[in-house]
>>> print(open('entry.tsv').read())   # TSV, C-alpha atoms
chain	number	residue	atom	x	y	z
O	1	MET	CA	0.00	0.00	0.00
O	2	LEU	CA	1.08	3.59	-0.61
O	3	THR	CA	2.34	5.46	2.44
O	4	LEU	CA	1.98	9.24	2.60
O	5	TYR	CA	4.10	11.11	5.13
O	6	ILE	CA	2.70	14.47	6.16
O	7	ALA	CA	3.14	17.06	8.92
O	8	ASN	CA	0.63	18.96	11.08
O	9	LYS	CA	-2.72	19.32	9.37
O	10	ASN	CA	-3.17	22.75	10.93
O	11	TYR	CA	-0.08	24.14	9.19
O	12	SER	CA	1.11	21.95	6.33
O	13	SER	CA	-0.38	23.24	3.09
O	14	TRP	CA	2.05	21.14	1.03
O	15	SER	CA	0.92	17.96	2.81
O	16	LEU	CA	-2.72	18.77	2.14
O	17	ARG	CA	-2.38	18.65	-1.65
O	18	PRO	CA	-1.71	14.92	-2.22
O	19	TRP	CA	-3.70	13.95	0.87
O	20	VAL	CA	-6.91	15.61	-0.29
O	21	LEU	CA	-6.50	14.36	-3.85
O	22	MET	CA	-5.93	10.76	-2.80
O	23	THR	CA	-8.78	10.91	-0.30
O	24	GLU	CA	-11.26	12.43	-2.77
O	25	LEU	CA	-10.33	9.99	-5.55
O	26	GLY	CA	-10.45	6.97	-3.28
O	27	ILE	CA	-6.76	6.10	-3.73
O	28	GLU	CA	-5.89	3.92	-0.77
O	29	PHE	CA	-2.93	4.96	1.35
O	30	GLU	CA	-1.57	4.81	4.86
O	31	GLU	CA	-1.14	8.18	6.53
O	32	ARG	CA	1.89	8.83	8.71
O	33	LEU	CA	1.95	12.20	10.43
O	34	VAL	CA	5.23	13.52	11.80
O	35	PRO	CA	4.73	16.88	13.58
O	36	PHE	CA	6.87	19.95	13.00
O	37	GLY	CA	9.15	21.15	15.75
O	38	GLY	CA	11.96	19.74	17.85
O	39	ALA	CA	13.76	16.95	16.01
O	40	ALA	CA	11.40	17.10	13.01
O	41	PRO	CA	14.09	17.85	10.38
O	42	SER	CA	16.11	14.79	11.30
O	43	LYS	CA	12.95	12.70	11.57
O	44	PHE	CA	11.84	13.84	8.12
O	45	ARG	CA	15.21	12.77	6.70
O	46	GLU	CA	14.45	9.22	7.81
O	47	PHE	CA	11.90	8.90	5.02
O	48	SER	CA	12.35	11.97	2.78
O	49	PRO	CA	15.61	12.69	0.89
O	50	SER	CA	14.90	16.44	1.05
O	51	GLY	CA	13.97	16.37	4.72
O	52	LYS	CA	10.58	17.84	3.82
O	53	VAL	CA	6.97	16.71	3.54
O	54	PRO	CA	4.90	15.47	1.86
O	55	CYS	CA	6.66	12.30	0.88
O	56	LEU	CA	5.07	9.30	-0.81
O	57	VAL	CA	6.55	5.83	-0.40
O	58	ASP	CA	5.52	3.02	-2.73
O	59	GLY	CA	7.59	-0.02	-1.89
O	60	THR	CA	11.16	0.96	-2.75
O	61	THR	CA	10.04	4.06	-4.66
O	62	VAL	CA	10.20	7.37	-2.80
O	63	VAL	CA	8.59	10.54	-4.21
O	64	TRP	CA	9.32	13.64	-2.14
O	65	ASP	CA	7.66	16.64	-3.80
O	66	SER	CA	3.95	17.42	-3.94
O	67	LEU	CA	3.83	18.00	-7.71
O	68	ALA	CA	5.98	14.94	-8.36
O	69	ILE	CA	3.64	12.90	-6.14
O	70	ILE	CA	0.66	14.08	-8.18
O	71	GLU	CA	2.33	13.08	-11.44
O	72	TYR	CA	3.38	9.72	-10.00
O	73	LEU	CA	-0.24	9.06	-9.03
O	74	ALA	CA	-1.42	10.21	-12.47
O	75	GLU	CA	0.63	7.46	-14.10
O	76	GLN	CA	-1.52	4.96	-12.21
O	77	ASP	CA	-4.91	6.69	-12.09
O	78	SER	CA	-6.43	8.57	-15.02
O	79	LYS	CA	-8.76	10.55	-12.73
O	80	VAL	CA	-5.92	12.64	-11.29
O	81	TRP	CA	-6.02	15.12	-14.19
O	82	PRO	CA	-8.94	16.08	-16.46
O	83	GLN	CA	-9.63	13.72	-19.34
O	84	ASP	CA	-9.98	16.52	-21.89
O	85	ARG	CA	-6.59	17.48	-23.35
O	86	VAL	CA	-7.20	21.23	-23.30
O	87	ALA	CA	-8.56	21.18	-19.76
O	88	ARG	CA	-5.65	19.00	-18.69
O	89	ALA	CA	-3.10	21.42	-20.14
O	90	TRP	CA	-4.75	24.37	-18.40
O	91	ALA	CA	-4.99	22.46	-15.12
O	92	ARG	CA	-1.30	21.55	-15.24
O	93	CYS	CA	-0.33	25.17	-15.91
O	94	ALA	CA	-2.48	26.49	-13.06
O	95	ALA	CA	-1.20	23.84	-10.64
O	96	ALA	CA	2.41	24.54	-11.61
O	97	GLU	CA	1.87	28.28	-11.11
O	98	MET	CA	0.50	27.60	-7.64
O	99	HIS	CA	3.38	25.24	-6.91
O	100	SER	CA	6.11	27.72	-7.79
O	101	GLY	CA	4.55	31.14	-7.27
O	102	PHE	CA	2.46	33.33	-4.98
O	103	THR	CA	5.34	34.13	-2.65
O	104	HIS	CA	3.54	36.97	-0.87
O	105	LEU	CA	0.51	34.78	-0.20
O	106	ARG	CA	2.73	32.10	1.33
O	107	ASN	CA	4.72	34.56	3.43
O	108	LEU	CA	1.93	36.86	4.59
O	109	CYS	CA	-1.00	34.42	4.75
O	110	THR	CA	0.52	31.32	6.29
O	111	MET	CA	-1.84	28.36	6.57
O	112	ASN	CA	-3.22	28.02	10.07
O	113	CYS	CA	-6.60	26.33	9.74
O	114	GLY	CA	-7.80	26.91	13.28
O	115	VAL	CA	-7.49	30.67	13.58
O	116	ARG	CA	-9.20	33.68	12.06
O	117	ILE	CA	-6.99	36.69	11.29
O	118	ARG	CA	-7.80	40.23	10.19
O	119	ILE	CA	-5.30	41.98	7.91
O	120	ASP	CA	-6.05	45.68	7.53
O	121	PRO	CA	-5.01	46.80	5.06
O	122	PHE	CA	-3.86	44.01	2.76
O	123	PRO	CA	-0.42	44.92	1.36
O	124	ARG	CA	-0.39	45.70	-2.35
O	125	GLU	CA	1.74	42.64	-3.18
O	126	LEU	CA	-0.62	40.36	-1.28
O	127	LEU	CA	-3.64	41.84	-3.07
O	128	ALA	CA	-1.90	41.11	-6.36
O	129	ASP	CA	-1.48	37.43	-5.42
O	130	TRP	CA	-5.11	37.10	-4.38
O	131	GLY	CA	-6.13	38.88	-7.59
O	132	ARG	CA	-4.19	36.44	-9.74
O	133	ILE	CA	-5.68	33.48	-7.91
O	134	ALA	CA	-9.17	34.88	-8.45
O	135	GLU	CA	-8.34	35.37	-12.12
O	136	LEU	CA	-7.29	31.73	-12.45
O	137	TRP	CA	-10.34	30.48	-10.62
O	138	SER	CA	-12.73	32.56	-12.70
O	139	GLU	CA	-11.08	31.46	-15.92
O	140	GLY	CA	-11.22	27.78	-15.05
O	141	LEU	CA	-14.80	27.86	-13.80
O	142	SER	CA	-16.12	29.76	-16.83
O	143	ARG	CA	-14.00	28.02	-19.46
O	144	PHE	CA	-14.66	24.45	-18.38
O	145	GLY	CA	-18.14	24.78	-16.91
O	146	GLY	CA	-17.46	24.05	-13.23
O	147	PRO	CA	-18.26	23.32	-10.52
O	148	PHE	CA	-14.53	22.56	-10.19
O	149	LEU	CA	-11.66	24.42	-11.81
O	150	ALA	CA	-11.23	22.11	-14.81
O	151	GLY	CA	-14.74	20.76	-15.19
O	152	SER	CA	-17.27	18.61	-13.40
O	153	ARG	CA	-14.80	16.56	-11.33
O	154	PHE	CA	-12.37	17.34	-8.52
O	155	THR	CA	-8.87	16.91	-9.96
O	156	ALA	CA	-5.27	17.74	-9.10
O	157	VAL	CA	-5.65	21.43	-9.90
O	158	ASP	CA	-8.33	21.73	-7.21
O	159	ALA	CA	-6.06	19.88	-4.79
O	160	PHE	CA	-3.31	22.41	-5.41
O	161	PHE	CA	-5.64	25.28	-4.52
O	162	ALA	CA	-7.24	23.51	-1.55
O	163	PRO	CA	-4.81	25.19	0.92
O	164	VAL	CA	-5.86	28.55	-0.54
O	165	ALA	CA	-9.46	27.76	0.41
O	166	PHE	CA	-8.33	27.35	4.02
O	167	ARG	CA	-6.40	30.62	3.75
O	168	ALA	CA	-9.51	32.36	2.42
O	169	GLN	CA	-11.41	31.05	5.46
O	170	THR	CA	-8.69	32.32	7.81
O	171	TYR	CA	-7.99	35.76	6.28
O	172	SER	CA	-11.31	36.67	4.56
O	173	PRO	CA	-9.96	38.39	1.44
O	174	THR	CA	-12.46	40.16	-0.78
O	175	LEU	CA	-13.51	37.71	-3.50
O	176	SER	CA	-16.15	37.71	-6.19
O	177	ASP	CA	-19.34	35.77	-5.51
O	178	GLU	CA	-18.18	33.12	-7.99
O	179	CYS	CA	-14.83	32.67	-6.26
O	180	GLN	CA	-16.37	32.69	-2.80
O	181	ARG	CA	-18.76	29.93	-3.86
O	182	TYR	CA	-15.79	27.94	-5.10
O	183	VAL	CA	-14.05	28.36	-1.74
O	184	GLU	CA	-17.17	27.15	0.06
O	185	ARG	CA	-17.52	24.21	-2.33
O	186	ILE	CA	-13.98	23.08	-1.62
O	187	LEU	CA	-14.32	23.54	2.13
O	188	GLU	CA	-17.48	21.41	2.14
O	189	LEU	CA	-15.82	18.40	0.51
O	190	PRO	CA	-15.84	15.41	2.90
O	191	SER	CA	-12.06	15.17	2.70
O	192	MET	CA	-11.59	18.84	3.55
O	193	ARG	CA	-14.03	18.65	6.44
O	194	LYS	CA	-12.12	15.65	7.81
O	195	TRP	CA	-8.75	17.43	7.45
O	196	TYR	CA	-10.12	20.53	9.15
O	197	SER	CA	-11.61	18.59	12.06
O	198	ASN	CA	-8.32	16.73	12.53
O	199	ALA	CA	-6.43	20.05	12.41
O	200	LEU	CA	-8.58	21.52	15.18
O	201	ASP	CA	-7.97	18.44	17.33
O	202	GLU	CA	-4.18	18.45	17.03
O	203	PRO	CA	-2.42	18.91	20.38
O	204	TRP	CA	0.77	20.37	18.90
O	205	ARG	CA	1.75	24.03	18.68
O	206	GLU	CA	4.88	24.75	16.66
O	207	GLU	CA	6.32	28.14	17.57
O	208	HIS	CA	7.67	29.09	14.14
O	209	HIS	CA	4.28	28.62	12.48
O	210	GLU	CA	2.49	30.26	15.40
O	211	ALA	CA	4.80	33.29	15.13
O	212	GLU	CA	4.10	33.59	11.40
O	213	ALA	CA	0.38	33.63	12.09
O	214	ARG	CA	0.73	36.17	14.90
O	215	SER	CA	2.70	38.51	12.64
O	216	ALA	CA	0.11	38.26	9.85
O	217	GLY	CA	-2.51	40.42	11.54
O	218	VAL	CA	-4.97	40.63	14.43
O	219	TRP	CA	-6.37	37.31	15.64
O	220	SER	CA	-10.14	37.47	15.95
O	221	SER	CA	-10.54	33.86	17.13
O	222	ASP	CA	-8.70	30.60	17.74
O	223	LEU	CA	-11.03	27.67	17.16
O	224	ARG	CA	-8.53	24.93	17.94
O	225	ARG	CA	-9.41	22.55	20.75
O	226	ARG	CA	-6.88	23.02	23.47
O	227	PRO	CA	-4.93	19.93	24.59
>>> encode(input="entry.tsv", output="structure tokens")
Amino acid sequence: MLTLYIANKNYSSWSLRPWVLMTELGIEFEERLVPFGGAAPSKFREFSPSGKVPCLVDGTTVVWDSLAIIEYLAEQDSKVWPQDRVARAWARCAAAEMHSGFTHLRNLCTMNCGVRIRIDPFPRELLADWGRIAELWSEGLSRFGGPFLAGSRFTAVDAFFAPVAFRAQTYSPTLSDECQRYVERILELPSMRKWYSNALDEPWREEHHEAEARSAGVWSSDLRRRP
């Protein structure tokens, strides 16, 4: 069976991508969660050559990057990407852009599922990142008919933007009605609801990620269940 190594569900946006895709598509796997903090880097190196998560292990094959994991899964399951060639090309481009870009979003809107944070005002660079994401979402939804970004099914491109849905819930950026409905649609997926519930239940607090969230803006609430 496939084994997927991940870190804290409250923080790890990179771990969420393959996890939510595999869960939604019914790809069986064993989850192994190794929390951030303390000796985590050396622990990660025990299974991941880069010392980072996510990491997929399939027998003697180790795949240690979220996009590489998606492509590895796609070689075995045709549902990972859209069936239509044009939609598939667009989905790959959008996923790759998310994978390599949006630096200001990552730095200023760290993923912390359990808190709600007010940023006032949003820095210009951050607004530009949110604007580009909204542009991609609107294009995909209108071009391929929705309700998901590349058509009627949840595919890898939606998985790559799933952490952004959690960020939208945390930071409440101004989005169009169409984009807000997409956020709500993603958050209501059974897999996302399960991830979110697990994130709220986690007993760990990792100071680096907590500090990033504290520096982002004013906390209006912390919904995590205290250990």
>>> closest_atom_pairs(input="entry.tsv", of="region 21-89 of chain O", to="region 143-151 of chain O", cutoff="10 Å", atoms="all atoms listed in the file", output="Markdown table")
| residue | atom | partner | partner_atom | distance |
| --- | --- | --- | --- | --- |
| O:Trp81 | CA | O:Ala150 | CA | 8.7 |
| O:Pro82 | CA | O:Ala150 | CA | 6.7 |
| O:Gln83 | CA | O:Gly151 | CA | 9.6 |
| O:Asp84 | CA | O:Ala150 | CA | 9.1 |
| O:Val86 | CA | O:Ala150 | CA | 9.4 |
| O:Ala87 | CA | O:Ala150 | CA | 5.7 |
| O:Arg88 | CA | O:Ala150 | CA | 7.5 |
| O:Ala89 | CA | O:Ala150 | CA | 9.7 |
>>> residues_around(input="entry.tsv", residues="Leu73 (chain O)", least_positions_apart="6", cutoff="9 Å", atoms="all atoms listed in the file", output="MDAnalysis selection string")
chainID O and resid 22 27 80
>>> residues_around(input="entry.tsv", residues="Glu202 (chain O)", least_positions_apart="2", cutoff="8 Å", atoms="only C-alpha atoms", output="PyMOL selection string")
chain O and resi 8-10+198-200+204+224-225+227
>>> atom_distance(input="entry.tsv", atom1="CA of Ile186 (chain O)", atom2="CA of Asp158 (chain O)")
8.1 Å
>>> closest_residue(input="entry.tsv", among="O:Glu46, O:Phe102, O:Leu67, O:Ala94", to="Leu136 (chain O)", atoms="all atoms listed in the file")
O:Ala94
>>> closest_residue(input="entry.tsv", among="O:Cys179, O:Ala39, O:Met98, O:Met1", to="Gly59 (chain O)", atoms="only C-alpha atoms")
O:Met1
>>> closest_residue(input="entry.tsv", among="O:Arg85, O:Arg153, O:His208, O:Arg167", to="Arg118 (chain O)", atoms="only C-alpha atoms")
O:Arg167
>>> atom_distance(input="entry.tsv", atom1="CA of Tyr5 (chain O)", atom2="CA of Ala91 (chain O)")
24.9 Å
>>> axis_aligned_box(input="entry.tsv", around="region 17-33 of chain O", padding_each_side="3 Å", output="AutoDock Vina command-line options")
--center_x -4.7 --center_y 11.3 --center_z 2.4 --size_x 19.2 --size_y 20.7 --size_z 22.0
>>> atom_distance(input="entry.tsv", atom1="CA of His99 (chain O)", atom2="CA of Tyr182 (chain O)")
19.4 Å
>>> closest_residue(input="entry.tsv", among="O:Arg193, O:Lys79, O:Arg181, O:Arg17", to="Cys113 (chain O)", atoms="only C-alpha atoms")
O:Arg193
>>> closest_residue(input="entry.tsv", among="O:Tyr196, O:Tyr11, O:Trp137, O:Phe160", to="Asp177 (chain O)", atoms="only C-alpha atoms")
O:Trp137
